[in-house]
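A.B. asks: Below: one structure in structure tokens.
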Amino acid sequence: MGPHATAGAAPPPPIFRWGGGRIGRVTLTLAVDHQSTTAPYEQLRAQISERARSGRLPVGYKLPTVRGLAEQLGLAANTVAKAYKALESDGVIETRGRHGTFVAAAGDAASRRAASAAAQYAEEAYRLGLTRDEAEAAVRDALRAAYDSE
């Protein structure tokens with residue numbers, strides 16, 4: 001027992017800090033209390049959901065991998081995967097294949113899909129080396145073609 005520990009005291013919960021994505025300087029901090037009666041996956045689900053819905057995690061923010069988060073918090077990968085699956089079912093996050101897991105746009109399914117498509121387009125335009133003006137011009141042209149043909 002360390003010099004500052006007290007007999008019978010529970011160890012502090014593991015804390016995870018993640019500065020994911022290219023969105024600002026947002027850092028995700030999560031803690032799982034292994035002494036809690038609330039299941040660890042539910043603790044994760046609740047913390048990520050609350051931060052996403054409050055705006056502290058912006059739309060498009062890249063979350064840590066299942067394996068990485070599990071290792072840092074001392075959890076089984078299946079526990080984190082269960083939390084992510086529940087969050088995805090709730091529409092809080094979305095998985096984009098090998099690109100990772102991101103905070104989804106709030107709102108109805110059509111708005112979420114449009115925001116997801118816009119985020120994917122922005123990433124692809126950036127990857128292709130387009131300037132912001134070039135990327136926005138392409139969007140304007142596509143919108144004009146779609147909406148003006150009605």
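Each chain in the structure tokens gets a letter, A, B, ..., in the order shown, and its residues are numbered from 1; ligands are numbered from 1 in order too.
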Excluding A:Ala117 and residues on its chain fewer than 6 positions from it, collect all residues at most 12 Å away from it, counting only C-alpha atoms, and give them as a count of residues only.
C.D. replies: 10
A.B. asks: Counting only C-alpha atoms, which of A:Val92, A:Gln47, A:Ala114, A:Gly74 gets nearest to A:His34?
C.D. replies: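 Closest to A:His34 of all the choices is A:Gly74.
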A.B. asks: Select, from A:Pro64, A:Ala138, A:Leu57, A:Pro40, the residue with the minimum atom-to-atom distance to A:Val26, counting only C-alpha atoms.
C.D. replies: A:Leu57
